[in-house]
>>> print(open('work21.cif').read())   # mmCIF, C-alpha atoms and all ligand atoms
data_work
loop_
_atom_site.label_atom_id
_atom_site.label_comp_id
_atom_site.auth_asym_id
_atom_site.auth_seq_id
_atom_site.Cartn_x
_atom_site.Cartn_y
_atom_site.Cartn_z
CA MET A 21 0.00 0.00 0.00
CA GLU A 22 1.24 3.45 -0.93
CA TYR A 23 1.13 6.19 1.67
CA PRO A 24 0.62 9.77 0.53
CA PRO A 25 3.85 11.73 0.98
CA LEU A 26 4.13 13.82 4.14
CA PRO A 27 3.81 17.55 3.40
CA PRO A 28 7.28 19.08 3.91
CA PHE A 29 6.06 21.63 6.45
CA ILE A 30 5.07 18.81 8.84
CA GLY A 31 8.63 17.52 8.74
CA ILE A 32 10.06 21.01 9.16
CA LEU A 33 7.71 21.69 12.09
CA PHE A 34 8.69 18.48 13.87
CA GLY A 35 12.34 19.20 13.12
CA GLY A 36 11.94 22.61 14.75
CA LEU A 37 10.21 21.18 17.82
CA PHE A 38 12.89 18.53 18.19
CA GLY A 39 15.49 21.28 17.79
CA LEU A 40 13.94 23.23 20.68
CA MET A 41 14.54 20.23 22.93
CA VAL A 42 18.09 19.82 21.63
CA GLY A 43 18.57 23.52 22.41
CA SER A 44 17.40 22.91 25.96
CA PHE A 45 20.08 20.22 26.24
CA PHE A 46 22.65 22.62 24.73
CA ASN A 47 21.96 25.05 27.57
CA VAL A 48 23.02 22.33 29.99
CA VAL A 49 26.05 21.51 27.83
CA ILE A 50 27.10 25.18 27.64
CA TYR A 51 26.93 25.59 31.41
CA ARG A 52 28.32 22.29 32.59
CA MET A 53 30.81 21.02 30.02
CA PRO A 54 33.46 23.71 30.60
CA ARG A 55 33.16 22.99 34.33
CA GLY A 56 33.71 19.29 33.77
CA GLU A 57 30.28 18.40 35.17
CA SER A 58 27.98 15.65 33.93
CA VAL A 59 25.47 16.83 31.34
CA ILE A 60 23.02 14.08 32.30
CA TRP A 61 22.84 14.24 36.10
CA PRO A 62 21.67 15.98 38.28
CA PRO A 63 18.60 17.70 36.75
CA SER A 64 18.63 21.48 36.24
CA ARG A 65 18.50 23.66 39.34
CA CYS A 66 18.09 27.38 39.90
CA MET A 67 21.53 28.94 40.36
CA GLY A 68 20.07 31.30 42.94
CA CYS A 69 18.27 29.02 45.37
CA GLY A 70 18.90 25.48 44.18
CA TYR A 71 15.22 24.98 43.39
CA GLN A 72 14.91 21.87 41.21
CA ILE A 73 13.21 22.90 37.99
CA LYS A 74 10.15 20.75 37.26
CA PHE A 75 9.94 19.17 33.85
CA TYR A 76 6.96 21.33 32.85
CA GLN A 77 8.93 24.45 33.81
CA ASN A 78 11.58 23.29 31.36
CA VAL A 79 9.45 23.62 28.22
CA PRO A 80 11.77 25.37 25.75
CA VAL A 81 11.25 29.14 25.20
CA LEU A 82 7.64 29.02 26.46
CA ALA A 83 8.57 28.38 30.11
CA TRP A 84 10.96 31.33 30.14
CA ILE A 85 8.25 33.62 28.72
CA LEU A 86 5.57 32.37 31.14
CA LEU A 87 7.89 32.73 34.13
CA ARG A 88 8.92 36.15 32.75
CA GLY A 89 12.56 35.16 32.99
CA LYS A 90 12.47 34.59 36.74
CA CYS A 91 12.90 31.59 39.03
CA LYS A 92 9.52 30.35 40.28
CA SER A 93 10.86 29.91 43.78
CA CYS A 94 13.21 32.82 44.55
CA GLY A 95 12.60 35.26 41.70
CA ALA A 96 16.25 35.26 40.57
CA ARG A 97 16.66 36.34 36.96
CA ILE A 98 17.12 33.60 34.40
CA SER A 99 19.35 34.71 31.53
CA VAL A 100 17.72 35.44 28.17
CA GLN A 101 20.51 33.28 26.74
CA TYR A 102 18.46 30.17 27.59
CA PRO A 103 15.42 30.84 25.36
CA LEU A 104 17.67 32.36 22.66
CA ILE A 105 19.80 29.20 22.43
CA GLU A 106 16.64 27.08 22.33
CA ALA A 107 15.03 29.18 19.60
CA LEU A 108 18.23 29.27 17.53
CA THR A 109 18.68 25.50 17.78
CA GLY A 110 15.04 25.00 16.77
CA LEU A 111 15.58 27.23 13.74
CA VAL A 112 18.76 25.40 12.69
CA ALA A 113 17.03 22.01 13.05
CA ALA A 114 14.04 23.21 11.01
CA LEU A 115 16.38 24.47 8.29
CA ALA A 116 18.26 21.15 8.33
CA VAL A 117 15.03 19.19 7.79
CA GLY A 118 14.14 21.54 4.94
CA PHE A 119 17.56 20.84 3.44
CA PHE A 120 16.99 17.08 3.76
CA LEU A 121 13.60 17.30 2.07
CA GLN A 122 14.80 19.54 -0.75
CA PRO A 123 14.50 17.43 -3.89
CA GLY A 124 17.41 17.18 -6.29
CA SER A 125 19.82 19.31 -4.27
CA GLY A 126 22.66 17.12 -5.53
CA TYR A 127 24.09 16.62 -2.03
CA ASP A 128 24.60 13.06 -0.82
CA LEU A 129 23.11 11.74 2.43
CA GLY A 130 26.43 11.73 4.27
CA PHE A 131 26.98 15.39 3.46
CA LYS A 132 23.49 16.32 4.66
CA ILE A 133 23.93 14.50 7.97
CA GLY A 134 27.42 15.99 8.38
CA ILE A 135 26.17 19.53 7.76
CA THR A 136 23.38 19.01 10.28
CA TYR A 137 25.83 17.84 12.94
CA LEU A 138 28.22 20.73 12.31
CA ALA A 139 25.47 23.37 12.22
CA LEU A 140 23.99 22.13 15.51
CA ALA A 141 27.32 21.59 17.30
CA SER A 142 28.38 25.10 16.23
CA ILE A 143 25.87 26.58 18.68
CA PRO A 144 27.47 25.32 21.94
CA ILE A 145 30.95 25.69 20.39
CA PHE A 146 30.25 29.40 19.72
CA VAL A 147 29.23 30.17 23.28
CA ILE A 148 31.74 27.94 25.07
CA ASP A 149 34.73 29.07 22.97
CA PHE A 150 33.90 32.77 23.27
CA ARG A 151 33.47 32.45 27.01
CA HIS A 152 36.06 29.91 28.06
CA PHE A 153 38.47 29.74 25.11
CA LEU A 154 37.99 26.02 24.75
CA ILE A 155 36.17 23.54 22.54
CA PRO A 156 35.06 20.41 24.41
CA ASP A 157 36.24 17.08 23.02
CA MET A 158 32.72 15.84 23.75
CA LEU A 159 31.57 17.85 20.72
CA THR A 160 34.43 17.17 18.29
CA TYR A 161 35.16 13.47 18.92
CA PRO A 162 31.59 12.31 18.09
CA GLY A 163 31.80 14.42 14.90
CA MET A 164 35.00 12.67 13.85
CA ILE A 165 33.49 9.23 14.46
CA LEU A 166 30.31 10.29 12.64
CA GLY A 167 32.35 11.49 9.64
CA LEU A 168 34.22 8.21 9.39
CA GLY A 169 30.98 6.24 9.80
CA LEU A 170 29.17 8.25 7.10
CA SER A 171 32.02 7.64 4.66
CA PHE A 172 30.90 3.98 4.51
CA LEU A 173 27.64 5.08 2.84
CA PRO A 174 27.60 4.23 -0.87
CA ASP A 175 27.61 7.83 -2.15
CA GLY A 176 29.96 10.63 -1.23
CA MET A 177 33.37 10.26 0.38
CA THR A 178 35.33 7.05 0.85
CA PRO A 179 36.66 6.05 4.31
CA LEU A 180 40.18 6.83 3.06
CA GLN A 181 39.11 10.36 2.08
CA SER A 182 37.53 10.83 5.49
CA LEU A 183 40.66 9.62 7.31
CA THR A 184 43.06 11.67 5.19
CA GLY A 185 40.70 14.62 5.61
CA ALA A 186 40.88 14.41 9.40
CA VAL A 187 44.63 13.82 9.57
CA GLY A 188 45.52 16.16 6.71
CA ALA A 189 43.42 19.18 7.70
CA GLY A 190 43.92 18.74 11.46
CA GLY A 191 47.64 18.08 10.95
CA PHE A 192 47.99 21.17 8.80
CA LEU A 193 46.50 23.45 11.46
CA TRP A 194 48.59 21.76 14.14
CA LEU A 195 51.76 22.48 12.12
CA VAL A 196 50.73 26.12 11.65
CA GLY A 197 50.09 26.42 15.38
CA PHE A 198 53.38 24.69 16.18
CA ALA A 199 55.32 27.06 13.89
CA ALA A 200 53.52 30.07 15.36
CA SER A 201 54.31 28.88 18.90
CA LEU A 202 58.01 28.67 18.02
CA LEU A 203 57.96 32.16 16.49
CA LEU A 204 55.94 33.82 19.26
CA LYS A 205 57.55 31.69 22.01
CA LYS A 206 54.13 30.90 23.50
CA ASP A 207 51.17 28.67 22.80
CA ALA A 208 49.52 30.22 19.77
CA MET A 209 46.86 27.66 19.03
CA GLY A 210 44.58 25.52 21.14
CA LEU A 211 44.34 21.81 20.46
CA GLY A 212 40.55 22.23 20.43
CA ASP A 213 40.82 24.17 17.17
CA VAL A 214 42.96 21.39 15.67
CA LYS A 215 40.38 18.77 16.68
CA LEU A 216 37.56 20.89 15.26
CA VAL A 217 39.31 21.14 11.90
CA ALA A 218 40.08 17.40 12.02
CA MET A 219 36.34 16.83 12.58
CA ALA A 220 35.55 18.98 9.52
CA GLY A 221 38.08 16.94 7.53
CA ALA A 222 36.50 13.67 8.64
CA LEU A 223 33.00 14.93 7.77
CA PHE A 224 33.70 16.69 4.47
CA GLY A 225 37.22 15.78 3.33
CA ALA A 226 40.46 17.77 3.30
CA PRO A 227 39.64 20.29 0.51
CA ILE A 228 36.47 21.60 2.19
CA ALA A 229 38.11 21.65 5.62
CA LEU A 230 41.22 23.49 4.37
CA PHE A 231 39.16 25.93 2.36
CA GLY A 232 37.05 26.44 5.48
CA LEU A 233 40.25 27.41 7.32
CA ILE A 234 40.91 30.10 4.69
CA PHE A 235 37.35 31.44 5.10
CA ALA A 236 37.82 31.30 8.88
CA SER A 237 41.08 33.24 8.74
CA VAL A 238 39.54 35.96 6.55
CA LEU A 239 36.53 36.19 8.88
CA GLY A 240 38.84 36.23 11.89
CA CYS A 241 40.71 39.22 10.43
CA LEU A 242 37.56 41.07 9.43
CA VAL A 243 35.63 40.49 12.66
CA GLY A 244 38.07 39.30 15.32
CA LEU A 245 40.81 41.91 14.97
CA PRO A 246 38.54 44.98 15.21
CA MET A 247 36.87 43.33 18.21
CA MET A 248 40.25 42.78 19.85
CA MET A 249 41.30 46.37 19.18
CA MET A 250 38.08 47.73 20.62
CA ARG A 251 38.78 45.77 23.78
CA LYS A 252 42.36 47.10 23.57
CA LEU A 253 43.83 43.62 23.31
CA ASN A 254 42.51 41.57 26.20
CA GLU A 255 44.97 40.02 28.63
CA HIS A 256 45.12 36.63 26.97
CA ARG A 257 45.70 38.23 23.54
CA HIS A 258 43.57 35.37 22.44
CA ILE A 259 40.98 35.15 19.71
CA PRO A 260 38.56 32.25 20.09
CA PHE A 261 39.06 30.71 16.67
CA GLY A 262 36.44 27.92 16.96
CA PRO A 263 33.42 30.04 15.94
CA TYR A 264 35.25 31.26 12.84
CA ILE A 265 36.19 27.70 11.92
CA CYS A 266 32.54 26.62 12.25
CA VAL A 267 31.26 29.43 10.01
CA GLY A 268 34.21 29.03 7.62
CA VAL A 269 33.61 25.31 7.11
CA LEU A 270 29.84 25.79 6.69
CA LEU A 271 30.54 28.43 4.00
CA SER A 272 33.20 26.29 2.37
CA ALA A 273 30.94 23.22 2.30
CA PHE A 274 28.39 25.10 0.20
CA TYR A 275 30.44 27.74 -1.60
CA GLY A 276 34.02 26.41 -1.53
CA ARG A 277 33.72 25.04 -5.03
CA ALA A 278 32.36 28.33 -6.43
CA ALA A 279 35.00 30.35 -4.58
CA MET A 280 37.72 28.10 -5.98
CA ASP A 281 36.41 28.52 -9.56
CA TRP A 282 36.23 32.28 -9.10
CA TYR A 283 39.81 32.38 -7.82
CA MET A 284 41.07 30.22 -10.70
CA GLY A 285 39.22 32.57 -13.08
CA LEU A 286 41.10 35.52 -11.57
CA LEU A 287 44.36 33.76 -12.29
CA GLY A 288 43.28 33.32 -15.89
CA ARG A 289 42.81 29.58 -15.24
ZN ZN B 1 15.60 30.25 42.50
#
>>> encode(input="work21.cif", output="C-alpha cells", more="lines below")
Ligand SMILES: [Zn+2]
Amino acid sequence: MEYPPLPPFIGILFGGLFGLMVGSFFNVVIYRMPRGESVIWPPSRCMGCGYQIKFYQNVPVLAWILLRGKCKSCGARISVQYPLIEALTGLVAALAVGFFLQPGSGYDLGFKIGITYLALASIPIFVIDFRHFLIPDMLTYPGMILGLGLSFLPDGMTPLQSLTGAVGAGGFLWLVGFAASLLLKKDAMGLGDVKLVAMAGALFGAPIALFGLIFASVLGCLVGLPMMMMRKLNEHRHIPFGPYICVGVLLSAFYGRAAMDWYMGLLGR
C-alpha cells in the first residue's frame, strides 16, 4: 500500500520542535561542560536558590516567557541566553530538515547528515569558545566518528578520504600552530581548534576543511581583529578561533567550489 507523501512543512515543524529540545540540552552543555560536570545528572537547578526545575517548567522558550525570565521559587533572573539558544537550535534544526527534504539538491546523504551535525554543534561551540576559550572534546570526537561512519555510505566520500581529511586538515593546522608557537615563544593555538578542523576533515574531506580554514582566517581578520582592538587587546591576547572555523567550514561546504572557480578565473585559469 502506498502512503501519501508527508507535506514538507510537517517535517520542518517536527524538526523545529525537536530542535527546541536539543537547544534545551545545549543550555546544559554550555553551562556544565566547561566545568567538567555531567550533562546528564543531576537535573537542572536554579543557580540562585537550588530549586529543582520541574519538567513542565523546562518547556523550551515558552517556560521562560511564562515565568517572565524569573525563578519560580526565589525570583532570581534567568538569563535570556536560555530561550535564545533554544530558539536558535530550533531554527537550525528546522532548516536542516528543509535541506533534507529539498529534492534534487545534488548533495549526498552523508553530506546532509554531516552539515546538520556541524550546524547544531556550532551553537554550543560558539558560546563555550567565546566564554572559556575552549572547545570540548565531547563535541568534536563524536563528529570525527560520525564522519568516518558516514564515509561507509555508498555515495559521497570514501573512508580513506575521510581519514586523510581528518589527519591532513587537522595536521595542517597543528603544524601552523606549532610554527607560530616557536615564532611567538608561547602557545599560539589551542588543540581544540585542531580537533575541530580534524572533525571537519572527517565529515567533508580535506579540501572543504582546508578551504574552510581560509574562510575562517579571513573572517577572523575582518571580525576578530577589530573586536580585539576595541577591547584594547585583552589580557590573553587570544581570539577564540572555533566560531570562525565553524562558520568558515559551513561556508566552504556550500560555496568552496564556487570560490575556488572564481579564484582560478582571476588567475586566468
Ligand atoms: Zn531560585
>>> atom_distance(input="work21.cif", atom1="CA of Val238 in chain A", atom2="CA of Thr160 in chain A")
22.7 Å
>>> atom_distance(input="work21.cif", atom1="CA of Ala208 in chain A", atom2="CA of Ile50 in chain A")
24.3 Å
>>> residues_near_ligand(input="work21.cif", ligand="ligand ZN 1 (chain B)", cutoff="10 Å", atoms="only C-alpha atoms and all ligand atoms", output="NGL selection string")
:A and (65-73 or 90-98)
>>> closest_residue(input="work21.cif", among="A:Gly285, A:Pro25, A:Pro80, A:Pro63", to="Ile105 in chain A", atoms="only C-alpha atoms")
A:Pro80
>>> closest_atom_pairs(input="work21.cif", of="range 56-158 of chain A", to="range 268-282 of chain A", cutoff="10 Å", atoms="all atoms listed in the file", output="CSV")
residue,atom,partner,partner_atom,distance
A:Tyr127,CA,A:Phe274,CA,9.8
A:Phe131,CA,A:Ala273,CA,8.9
A:Ile135,CA,A:Leu270,CA,7.3
A:Leu138,CA,A:Leu270,CA,7.7
A:Ala139,CA,A:Leu270,CA,7.5
A:Ser142,CA,A:Leu270,CA,9.7
>>> atom_distance(input="work21.cif", atom1="CA of Met249 in chain A", atom2="CA of Leu233 in chain A")
22.4 Å
>>> closest_residue(input="work21.cif", among="A:Gly188, A:Phe29, A:Leu242, A:Val81", to="Ile228 in chain A", atoms="only C-alpha atoms")
A:Gly188
>>> closest_residue(input="work21.cif", among="A:Ser64, A:Thr109, A:Ser125, A:Ser58", to="Gly43 in chain A", atoms="all atoms listed in the file")
A:Thr109
